[in-house]
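> Sharing my_file.txt here; it has compact mmCIF, C-alpha atoms.
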```txt
# COMPACT_ATOMS: atom_id res chain seq x y z
CA MET A 1 -18.62 -2.45 -5.87
CA PRO A 2 -18.60 -5.90 -7.34
CA LEU A 3 -20.75 -8.57 -5.66
CA PHE A 4 -21.55 -6.29 -2.72
CA ASP A 5 -25.18 -7.40 -2.35
CA SER A 6 -24.33 -11.06 -2.82
CA LEU A 7 -21.52 -10.93 -0.29
CA TYR A 8 -23.67 -9.11 2.21
CA ASN A 9 -26.49 -11.62 1.85
CA PHE A 10 -24.08 -14.55 2.17
CA ALA A 11 -22.52 -12.93 5.24
CA GLY A 12 -25.98 -12.42 6.69
CA TRP A 13 -26.80 -16.10 6.31
CA LEU A 14 -23.48 -17.18 7.75
CA THR A 15 -23.66 -14.97 10.81
CA GLY A 16 -27.42 -14.57 11.19
CA ASN A 17 -26.76 -11.05 12.42
CA ARG A 18 -26.69 -7.76 10.55
CA GLU A 19 -23.94 -6.17 12.61
CA GLU A 20 -21.69 -9.16 12.24
CA ALA A 21 -22.53 -9.35 8.56
CA GLU A 22 -21.44 -5.74 8.14
CA ASP A 23 -18.21 -6.41 9.97
CA LEU A 24 -17.60 -9.45 7.82
CA VAL A 25 -18.24 -7.64 4.55
CA GLN A 26 -16.08 -4.73 5.62
CA GLU A 27 -13.27 -7.09 6.56
CA THR A 28 -13.69 -8.91 3.26
CA TYR A 29 -13.31 -5.78 1.16
CA LEU A 30 -10.35 -4.57 3.17
CA LYS A 31 -8.66 -7.95 2.85
CA ALA A 32 -9.50 -8.12 -0.82
CA LEU A 33 -8.01 -4.67 -1.43
CA LYS A 34 -4.97 -5.47 0.62
CA GLY A 35 -4.41 -8.83 -0.99
CA PHE A 36 -5.53 -8.02 -4.52
CA SER A 37 -2.02 -8.70 -5.76
CA SER A 38 -2.54 -12.33 -4.73
CA PHE A 39 -5.52 -12.64 -7.07
CA GLN A 40 -4.43 -14.37 -10.24
CA ARG A 41 -5.92 -12.74 -13.30
CA GLY A 42 -7.95 -15.12 -15.37
CA THR A 43 -9.09 -17.09 -12.34
CA ASN A 44 -12.51 -16.86 -10.75
CA PHE A 45 -12.86 -13.51 -8.99
CA ARG A 46 -16.22 -14.44 -7.47
CA ALA A 47 -14.81 -17.62 -5.94
CA TRP A 48 -11.80 -15.66 -4.72
CA ILE A 49 -13.76 -12.92 -2.91
CA PHE A 50 -16.32 -15.34 -1.50
CA ARG A 51 -13.44 -17.44 -0.19
CA ILE A 52 -12.05 -14.36 1.56
CA LEU A 53 -15.40 -13.73 3.20
CA ARG A 54 -15.82 -17.35 4.22
CA ASN A 55 -12.32 -17.55 5.68
CA ALA A 56 -12.92 -14.32 7.57
CA PHE A 57 -16.12 -15.81 8.93
CA LEU A 58 -14.41 -19.05 9.95
CA THR A 59 -11.87 -17.14 12.00
CA SER A 60 -14.55 -15.03 13.70
CA ARG A 61 -16.04 -16.06 17.02
CA THR A 62 -19.39 -16.83 15.44
CA GLY A 63 -17.69 -18.83 12.71
CA LEU A 64 -15.66 -20.89 15.13
CA LYS A 65 -18.78 -21.61 17.14
CA ALA A 66 -20.77 -22.48 14.02
CA MET A 67 -18.14 -24.90 12.78
CA ARG A 68 -18.37 -26.82 16.05
CA THR A 69 -21.99 -27.65 15.20
CA VAL A 70 -22.45 -31.37 14.62
CA PRO A 71 -22.91 -31.95 10.87
CA LEU A 72 -25.64 -34.06 9.31
CA GLY A 73 -23.64 -37.22 8.81
CA ASN A 74 -20.35 -37.88 7.14
CA ASP A 75 -18.95 -35.96 4.15
CA ASP A 76 -17.95 -39.30 2.60
CA GLU A 77 -21.52 -40.56 2.69
CA GLU A 78 -22.69 -41.30 -0.84
CA THR A 79 -25.50 -39.29 -2.31
CA ALA A 80 -28.30 -41.83 -2.07
CA GLY A 81 -30.64 -39.94 -4.34
CA VAL A 82 -34.05 -38.58 -3.65
CA SER A 83 -35.68 -41.95 -4.36
CA ALA A 84 -34.72 -43.13 -0.91
CA GLU A 85 -37.39 -40.90 0.56
CA ARG A 86 -40.14 -42.93 -1.10
CA ASN A 87 -42.37 -39.93 -1.70
CA THR A 88 -45.14 -40.27 -4.21
CA PRO A 89 -45.32 -37.75 -7.06
CA GLU A 90 -48.52 -36.37 -5.60
CA SER A 91 -47.10 -35.75 -2.16
CA ILE A 92 -44.12 -34.07 -3.76
CA LEU A 93 -46.17 -31.72 -5.88
CA LEU A 94 -48.67 -30.80 -3.21
CA GLY A 95 -46.36 -29.35 -0.67
CA ARG A 96 -44.86 -25.98 -1.50
CA ALA A 97 -43.20 -24.27 1.39
CA SER A 98 -43.64 -20.63 2.32
CA GLN A 99 -40.70 -18.22 2.22
CA GLU A 100 -40.63 -18.04 6.01
CA ALA A 101 -40.53 -21.83 6.28
CA ILE A 102 -37.61 -22.01 3.86
CA GLN A 103 -35.74 -19.30 5.73
CA ALA A 104 -36.36 -21.13 9.00
CA ALA A 105 -35.15 -24.40 7.47
CA LEU A 106 -32.05 -22.67 6.11
CA ARG A 107 -31.27 -21.21 9.52
CA LYS A 108 -31.46 -24.67 11.04
CA LEU A 109 -28.96 -26.11 8.60
CA PRO A 110 -25.44 -26.51 9.95
CA VAL A 111 -23.24 -23.85 8.39
CA ILE A 112 -21.20 -26.30 6.27
CA PHE A 113 -24.41 -27.34 4.45
CA ARG A 114 -26.01 -23.92 4.47
CA GLU A 115 -23.02 -22.33 2.75
CA VAL A 116 -22.95 -24.94 -0.02
CA LEU A 117 -26.67 -24.61 -0.62
CA LEU A 118 -26.50 -20.82 -0.70
CA LEU A 119 -23.57 -20.78 -3.10
CA CYS A 120 -25.31 -23.26 -5.37
CA ASP A 121 -28.92 -22.10 -5.29
CA VAL A 122 -28.61 -18.39 -4.53
CA GLU A 123 -25.29 -17.50 -6.13
CA GLU A 124 -25.76 -20.12 -8.83
CA MET A 125 -22.16 -21.18 -8.60
CA SER A 126 -21.04 -24.31 -10.37
CA TYR A 127 -19.78 -27.22 -8.31
CA GLN A 128 -16.30 -26.31 -9.45
CA GLU A 129 -16.69 -22.73 -8.19
CA ILE A 130 -18.07 -23.95 -4.87
CA SER A 131 -15.17 -26.35 -4.62
CA GLU A 132 -12.73 -23.45 -5.15
CA THR A 133 -14.56 -21.16 -2.75
CA ILE A 134 -14.76 -23.61 0.12
CA SER A 135 -11.61 -25.50 -0.77
CA ILE A 136 -13.22 -28.93 -0.76
CA PRO A 137 -13.35 -31.58 -3.51
CA ILE A 138 -16.26 -31.53 -5.95
CA GLY A 139 -17.45 -34.89 -4.59
CA THR A 140 -17.75 -33.34 -1.15
CA VAL A 141 -19.63 -30.40 -2.66
CA MET A 142 -22.12 -32.83 -4.17
CA SER A 143 -22.58 -34.88 -1.01
CA ARG A 144 -23.04 -31.75 1.12
CA LEU A 145 -25.55 -30.39 -1.34
CA TYR A 146 -27.46 -33.63 -1.31
CA ARG A 147 -27.63 -33.73 2.48
CA ALA A 148 -28.47 -30.04 2.72
CA ARG A 149 -31.40 -30.49 0.39
CA ARG A 150 -32.56 -33.62 2.14
CA ALA A 151 -32.42 -31.78 5.47
CA MET A 152 -34.35 -28.89 3.94
CA ARG A 153 -37.04 -31.18 2.59
CA GLU A 154 -37.36 -32.99 5.91
CA GLU A 155 -37.60 -29.75 7.78
CA LEU A 156 -40.14 -28.33 5.38
CA GLN A 157 -42.20 -31.53 5.43
CA GLY A 158 -42.12 -31.53 9.20
CA ALA A 159 -43.21 -27.91 9.25
CA SER A 160 -46.06 -28.53 6.81
CA ASN A 161 -47.21 -31.66 8.71
CA GLY A 162 -46.98 -29.96 12.07
CA MET B 163 -35.66 -50.14 -11.92
CA ALA B 164 -34.79 -47.37 -14.39
CA SER B 165 -35.48 -44.56 -11.84
CA ASP B 166 -32.71 -45.88 -9.56
CA ILE B 167 -30.24 -45.01 -12.30
CA TRP B 168 -31.64 -41.56 -13.03
CA GLN B 169 -32.79 -40.22 -9.67
CA PRO B 170 -29.27 -39.86 -8.20
CA LYS B 171 -28.53 -37.59 -11.14
CA ILE B 172 -31.50 -35.28 -10.54
CA ASP B 173 -29.58 -32.88 -8.28
CA ARG B 174 -26.88 -32.49 -10.94
CA TYR B 175 -29.54 -32.13 -13.62
CA VAL B 176 -31.26 -29.36 -11.65
CA ASP B 177 -27.91 -27.71 -11.05
CA ALA B 178 -26.99 -28.05 -14.74
CA GLU B 179 -23.91 -30.04 -13.84
CA LEU B 180 -24.48 -32.93 -16.19
CA SER B 181 -22.72 -33.13 -19.52
CA GLU B 182 -24.69 -32.13 -22.62
CA GLU B 183 -25.17 -35.74 -23.55
CA GLU B 184 -26.40 -36.64 -20.03
CA MET B 185 -28.72 -33.62 -20.04
CA ARG B 186 -30.31 -34.74 -23.30
CA ALA B 187 -30.66 -38.29 -21.99
CA MET B 188 -32.22 -37.00 -18.74
CA ASP B 189 -34.65 -34.80 -20.66
CA ALA B 190 -35.73 -37.84 -22.66
CA HIS B 191 -36.18 -39.93 -19.51
CA LEU B 192 -38.19 -37.25 -17.70
CA ARG B 193 -40.62 -37.10 -20.58
CA GLU B 194 -41.36 -40.80 -20.02
CA CYS B 195 -40.97 -41.18 -16.22
CA SER B 196 -43.55 -39.32 -14.11
CA SER B 197 -41.85 -40.25 -10.82
CA CYS B 198 -38.47 -38.80 -11.87
CA ALA B 199 -40.17 -35.82 -13.51
CA ALA B 200 -42.01 -35.05 -10.21
CA LEU B 201 -38.78 -35.31 -8.25
CA ALA B 202 -36.98 -33.07 -10.72
CA LEU B 203 -39.79 -30.56 -10.58
CA ARG B 204 -39.74 -30.55 -6.78
CA GLN B 205 -35.98 -30.02 -6.78
CA MET B 206 -36.32 -27.19 -9.24
CA ARG B 207 -39.02 -25.57 -7.15
CA LEU B 208 -37.01 -25.95 -3.98
CA LYS B 209 -33.99 -24.50 -5.68
CA HIS B 210 -36.04 -21.63 -7.04
CA ASP B 211 -37.85 -21.03 -3.74
CA THR B 212 -34.59 -21.24 -1.81
CA LYS B 213 -33.07 -18.62 -4.09
CA LEU B 214 -35.98 -16.27 -3.50
CA ALA B 215 -36.26 -16.90 0.24
CA ALA B 216 -32.54 -16.74 0.85
CA GLN B 217 -32.21 -13.24 -0.57
CA ARG B 218 -33.05 -11.92 2.81
CA TYR B 219 -30.17 -9.70 3.86
CA ALA B 220 -29.80 -6.40 2.06
CA PRO B 221 -27.18 -3.82 3.04
CA SER B 222 -28.38 -0.45 4.26
CA PRO B 223 -27.55 2.59 2.09
CA GLN B 224 -25.36 3.94 4.90
CA PHE B 225 -23.33 0.78 5.07
CA ARG B 226 -23.04 0.65 1.29
CA ARG B 227 -21.75 4.24 1.26
CA ARG B 228 -19.34 3.58 4.10
CA ILE B 229 -17.78 0.60 2.38
CA ALA B 230 -17.68 2.43 -0.95
CA ASP B 231 -15.76 5.26 0.72
CA GLN B 232 -13.36 2.83 2.35
CA VAL B 233 -12.83 0.96 -0.89
CA MET B 234 -12.23 4.22 -2.72
CA ALA B 235 -9.73 5.38 -0.09
CA GLY B 236 -8.04 2.00 -0.11
CA GLN B 237 -7.92 2.04 -3.89
CA VAL B 238 -6.28 5.45 -3.91
CA ILE B 239 -3.65 4.20 -1.49
CA ALA B 240 -3.25 0.99 -3.46
CA ASP B 241 -2.87 2.99 -6.68
CA GLN B 242 -0.29 5.21 -5.07
CA VAL B 243 1.60 2.21 -3.80
CA GLY B 244 1.19 0.43 -7.11
CA ALA B 245 2.38 3.47 -9.04
CA ARG B 246 5.72 3.24 -7.39
CA LYS B 247 8.06 1.24 -9.49
CA PRO B 248 9.48 -1.67 -7.58
CA VAL B 249 13.09 -1.00 -6.87
CA PRO B 250 15.27 -4.06 -7.04
CA TRP B 251 17.11 -4.69 -3.80
CA ARG B 252 14.84 -2.17 -2.11
CA TRP B 253 15.30 -4.10 1.09
CA ALA B 254 19.03 -3.45 0.91
CA ALA B 255 18.66 0.31 0.53
CA PRO B 256 18.65 1.09 4.28
CA LEU B 257 21.65 -1.18 4.74
CA LEU B 258 23.39 0.50 1.83
CA VAL B 259 22.66 3.95 3.22
CA ALA B 260 23.88 2.82 6.64
CA ALA B 261 27.04 1.37 5.10
CA VAL B 262 27.69 4.57 3.14
CA MET B 263 27.11 6.62 6.28
CA ILE B 264 29.50 4.42 8.24
CA LEU B 265 32.10 4.70 5.49
CA LEU B 266 31.64 8.46 5.35
CA VAL B 267 31.95 8.85 9.10
CA ALA B 268 34.87 6.44 9.18
CA GLY B 269 36.44 8.33 6.28
CA ILE B 270 36.02 11.67 8.00
CA LEU B 271 37.36 10.30 11.26
CA LEU B 272 40.28 8.63 9.50
CA SER B 273 40.97 11.76 7.51
CA ARG B 274 40.90 13.90 10.64
CA SER B 275 42.98 11.38 12.44
CA TRP B 276 45.49 11.36 9.57
CA GLU B 277 45.57 15.16 9.44
CA GLN B 278 46.11 15.38 13.18
CA ALA B 279 48.85 12.78 13.10
CA ARG B 280 50.49 14.40 10.08
CA SER B 281 50.40 17.93 11.46
CA GLN B 282 51.68 16.66 14.78
CA GLN B 283 54.54 14.94 13.00
CA LEU B 284 55.43 18.10 11.02
CA LEU B 285 55.22 20.32 14.07
CA SER B 286 57.42 17.89 15.95
CA GLU B 287 59.96 18.08 13.13
CA LEU B 288 59.88 21.88 13.26
CA THR B 289 60.30 22.01 17.02
CA ASP B 290 63.16 19.50 16.67
CA ILE B 291 64.81 21.80 14.15
CA HIS B 292 64.20 24.73 16.46
CA VAL B 293 65.70 22.93 19.48
CA ALA B 294 68.61 21.56 17.47
CA ASN B 295 69.31 25.06 16.24
CA LEU B 296 69.43 26.39 19.78
CA ALA B 297 72.19 23.94 20.63
CA ALA B 298 74.07 24.33 17.36
CA SER B 299 77.47 25.99 17.37
CA THR B 300 76.53 27.83 14.19
CA PRO B 301 72.82 28.41 14.49
CA VAL B 302 72.55 30.43 11.30
CA ASP B 303 74.02 30.28 7.82
CA VAL B 304 73.63 33.94 7.28
CA MET B 305 74.15 36.04 10.37
CA SER B 306 72.64 39.50 10.14
CA SER B 307 70.07 41.61 11.86
CA ASP B 308 69.42 43.35 8.58
CA ARG B 309 66.55 41.83 6.67
CA HIS B 310 67.92 43.28 3.42
CA THR B 311 70.98 41.10 3.93
CA VAL B 312 69.19 37.98 5.02
CA LYS B 313 66.48 37.93 2.36
CA PRO B 314 68.85 37.90 -0.66
CA TRP B 315 70.81 35.08 0.87
CA PHE B 316 67.83 32.76 0.29
CA GLN B 317 67.55 33.60 -3.39
CA GLY B 318 68.35 30.51 -5.42
CA LYS B 319 68.33 28.38 -2.29
CA VAL B 320 64.58 28.18 -1.79
CA PRO B 321 62.04 27.89 -4.63
CA PHE B 322 60.06 30.93 -3.58
CA SER B 323 60.42 34.51 -2.54
CA PHE B 324 59.23 36.08 0.68
CA ASP B 325 59.32 39.34 2.58
CA LEU B 326 60.75 39.78 6.05
CA PRO B 327 59.24 42.27 8.47
CA GLU B 328 61.25 45.21 9.67
CA PRO B 329 62.29 44.40 13.26
CA GLU B 330 63.30 47.95 13.93
CA GLY B 331 61.19 49.38 16.75
CA SER B 332 60.04 45.92 17.87
CA PRO B 333 61.33 43.85 20.79
CA PHE B 334 62.62 41.28 18.33
CA THR B 335 66.13 41.02 17.03
CA LEU B 336 66.81 39.19 13.83
CA VAL B 337 69.71 36.83 14.39
CA GLY B 338 69.96 35.52 10.85
CA GLY B 339 68.76 32.75 8.62
CA ARG B 340 69.51 29.25 7.40
CA LEU B 341 68.06 26.59 5.21
CA ALA B 342 65.71 24.08 6.71
CA TYR B 343 64.11 21.03 5.28
CA LEU B 344 60.65 19.90 6.09
CA ASP B 345 59.52 16.67 4.54
CA HIS B 346 62.44 16.93 2.08
CA GLU B 347 61.28 20.35 0.95
CA PRO B 348 63.67 23.28 1.36
CA GLY B 349 62.49 26.29 3.28
CA ALA B 350 63.68 29.40 5.05
CA HIS B 351 64.47 29.34 8.73
CA LEU B 352 64.76 32.77 10.41
CA ILE B 353 65.87 33.16 14.02
CA TYR B 354 64.86 35.99 16.30
CA ASN B 355 65.73 36.83 19.81
CA ILE B 356 63.44 38.40 22.30
CA ARG B 357 65.13 38.89 25.61
CA ALA B 358 66.57 35.44 26.53
CA HIS B 359 64.27 33.54 24.15
CA HIS B 360 64.80 32.36 20.66
CA ILE B 361 62.01 32.24 18.20
CA SER B 362 62.14 30.41 14.87
CA VAL B 363 60.15 31.45 11.83
CA PHE B 364 59.84 28.84 9.06
CA VAL B 365 58.65 29.54 5.56
CA PHE B 366 57.83 26.73 3.12
CA ARG B 367 55.88 26.32 -0.02
CA ASP B 368 52.34 25.38 0.91
CA GLN B 369 52.41 21.84 -0.49
CA PRO B 370 49.14 19.87 -0.68
CA ASP B 371 50.44 17.65 2.05
CA LEU B 372 51.08 20.63 4.31
CA ALA B 373 47.82 22.26 3.38
CA ARG B 374 45.96 19.07 4.25
CA ALA B 375 47.82 18.59 7.52
CA PHE B 376 47.12 22.21 8.48
CA SER B 377 43.69 22.46 6.89
CA ALA B 378 42.88 25.50 8.97
CA ARG B 379 44.24 28.63 7.37
CA GLU B 380 45.53 29.68 10.76
CA SER B 381 46.25 27.58 13.78
CA SER B 382 47.84 27.91 17.15
CA ARG B 383 49.12 24.94 19.10
CA ASP B 384 51.44 23.95 21.85
CA VAL B 385 54.01 21.27 21.11
CA LEU B 386 56.35 20.09 23.87
CA LYS B 387 55.94 23.38 25.73
CA PHE B 388 56.69 25.31 22.55
CA HIS B 389 54.05 27.59 21.25
CA VAL B 390 53.49 27.28 17.53
CA GLU B 391 51.47 29.52 15.26
CA SER B 392 50.88 28.70 11.64
CA TRP B 393 49.18 30.32 8.70
CA SER B 394 49.26 30.30 4.95
CA ALA B 395 49.35 33.22 2.54
CA HIS B 396 50.20 33.51 -1.16
CA GLU B 397 50.94 29.80 -1.45
CA LEU B 398 53.40 29.93 1.39
CA ARG B 399 53.08 28.22 4.75
CA TYR B 400 54.51 30.02 7.78
CA PHE B 401 55.32 28.64 11.20
CA VAL B 402 56.44 30.57 14.26
CA VAL B 403 57.89 28.35 16.97
CA GLY B 404 59.28 29.38 20.32
CA ASP B 405 59.21 29.10 24.06
CA ALA B 406 58.61 32.81 24.45
CA SER B 407 55.30 34.05 25.72
CA ASP B 408 52.23 33.52 23.62
CA GLU B 409 51.95 37.25 23.33
CA SER B 410 55.44 37.55 21.87
CA ILE B 411 54.86 34.68 19.45
CA HIS B 412 51.62 36.24 18.42
CA LYS B 413 53.19 39.65 17.98
CA LEU B 414 55.95 38.28 15.73
CA THR B 415 53.31 36.38 13.80
CA GLY B 416 51.46 39.63 13.26
CA MET B 417 54.60 41.32 11.97
CA TRP B 418 55.24 38.54 9.47
CA LYS B 419 51.66 38.58 8.29
CA GLU B 420 51.87 42.30 7.68
CA ALA B 421 55.10 41.88 5.76
CA GLY B 422 53.60 39.08 3.68
CA ASN B 423 50.62 41.18 2.75
CA SER B 424 52.46 44.37 1.99
```
Would you write the structure of this file as structure tokens?


Amino acid sequence: MPLFDSLYNFAGWLTGNREEAEDLVQETYLKALKGFSSFQRGTNFRAWIFRILRNAFLTSRTGLKAMRTVPLGNDDEETAGVSAERNTPESILLGRASQEAIQAALRKLPVIFREVLLLCDVEEMSYQEISETISIPIGTVMSRLYRARRAMREELQGASNG
Amino acid sequence: MASDIWQPKIDRYVDAELSEEEMRAMDAHLRECSSCAALALRQMRLKHDTKLAAQRYAPSPQFRRRIADQVMAGQVIADQVGARKPVPWRWAAPLLVAAVMILLVAGILLSRSWEQARSQQLLSELTDIHVANLAASTPVDVMSSDRHTVKPWFQGKVPFSFDLPEPEGSPFTLVGGRLAYLDHEPGAHLIYNIRAHHISVFVFRDQPDLARAFSARESSRDVLKFHVESWSAHELRYFVVGDASDESIHKLTGMWKEAGNS
């Protein structure tokens, strides 16, 4: 089955719950089979099936609840760049977060940032693919990525300082 | 400051989203700028560590098998559905079938209705002839109780030949015969007496129109209190019309049938 592990992992991060993740993946495959005729050959299959999963999640109770979470600022906010954090090269290189700390930071991210970060860093999707999957402009993909990573860094720094 | 130009591009550099030219330029800058190089390295590490840490959820073998089974079953169904050639106007098929059914039923009903109306009309004509004959001053053209006299009289007058039953030993008396016309077709009209009743026997060629109107090989009906029996044999159509008892009509019918088959 194509992308089964990736879809399951993505579903797990969206829902935070194995049972719900299973339901979501099952629903995704059923919808994909049912609507395969709507898939245009030559277009991005990965973006298409991830979009099905994401849309299924958004219409689920957990998804609706997650989307009500207050985001970290405005989508239109410009990516200010990492320089704004004024970290020294030493402080940057010293801190390397543990796997548990990263997972905890990921869980704390609002879903609209978490999903972009997962698609980019875990699934290694291009900005264009993420844009197609989530149906948002590439500029919004970039700004959400920037804020997701900033939030991750802040969370990880806070965890390492605390 | 040069870093202010390059640092906003570090995310895109780490994500390999810069153009080839920008990537080469960024590589050159990072070799010279320790601050940007450290930021780029941190971003790469975070990206790498996030990838590793985020691969947290793995499906159980049972779940994998369950979905595989469902996908397989769904694929089989999808293949079966896909194998069917799309039929243009498929949506109209049920309507078409319904329309054909309606037309068929309407056709059958109309046909039956036409047959009933037509047979009724013909029977009415025959009973009219029968009644008119009762009141006529000369009810027969050939008056004889002898069938061997009556039968030859019809030769050359009707386009067919027929056999008359022998009335001897029966309660019926042959009065004679005359020509009759049904639907502009000439036929034989034989008159019998049984006690105070007159019975008419008509013989015509079994035309398609007649055959259709009297689709049943044999029929028995009552028209205006007259009992009518009809049958066809050897391309001839016979009618027995009278106000005598059903039993008498039926008995005479039987005699004619026997004569026709002999």

> Distance atom CA of Gln99 of chain A-atom CA of Leu156 of chain A, one decimal place?

10.6 Å

> Give me, as a ChimeraX atom specification, the residues of chain B touching chain A, with the criterion being at most 6 Å (counting all atoms listed in the file).

/B:169-170,197,200,209,213,215,219

> Measuring atom to atom with all atoms listed in the file, identify which of B:Met305, B:Leu203, B:Ile172, B:Leu266 is nearest to Met188 of chain B.

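Going through B:Met305, B:Leu203, B:Ile172, B:Leu266 one by one, the smallest distance to Met188 of chain B is for B:Ile172.
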
> Could you work out how far atom CA of Thr15 of chain A lies from atom CA of Met67 of chain A, giving the answer in Å with one decimal?

11.5 Å

> To one decimal place, how far is atom CA of Ala297 of chain B from atom CA of Gly416 of chain B in Å?

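Rounded to one decimal, the two atoms are 27.0 Å apart.
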
> I'd like the neighbourhood of Leu53 of chain A as a PyMOL selection string, where a residue qualifies if any of its atoms comes within 7 Å (using all atoms listed in the file), though same-chain residues fewer than 2 positions away should be ignored.

chain A and resi 24-25+28+49-51+55-57

> Nearest to Gly349 of chain B among B:Arg399, B:His389, B:Arg204, B:Arg174, with distances taken over all atoms listed in the file: which residue is it?

B:Arg399

> Kindly indicate which residue among A:Lys108, A:Arg144, A:Arg61, A:Arg41 lies nearest to Ile130 of chain A, using only C-alpha atoms for the distances.

A:Arg144
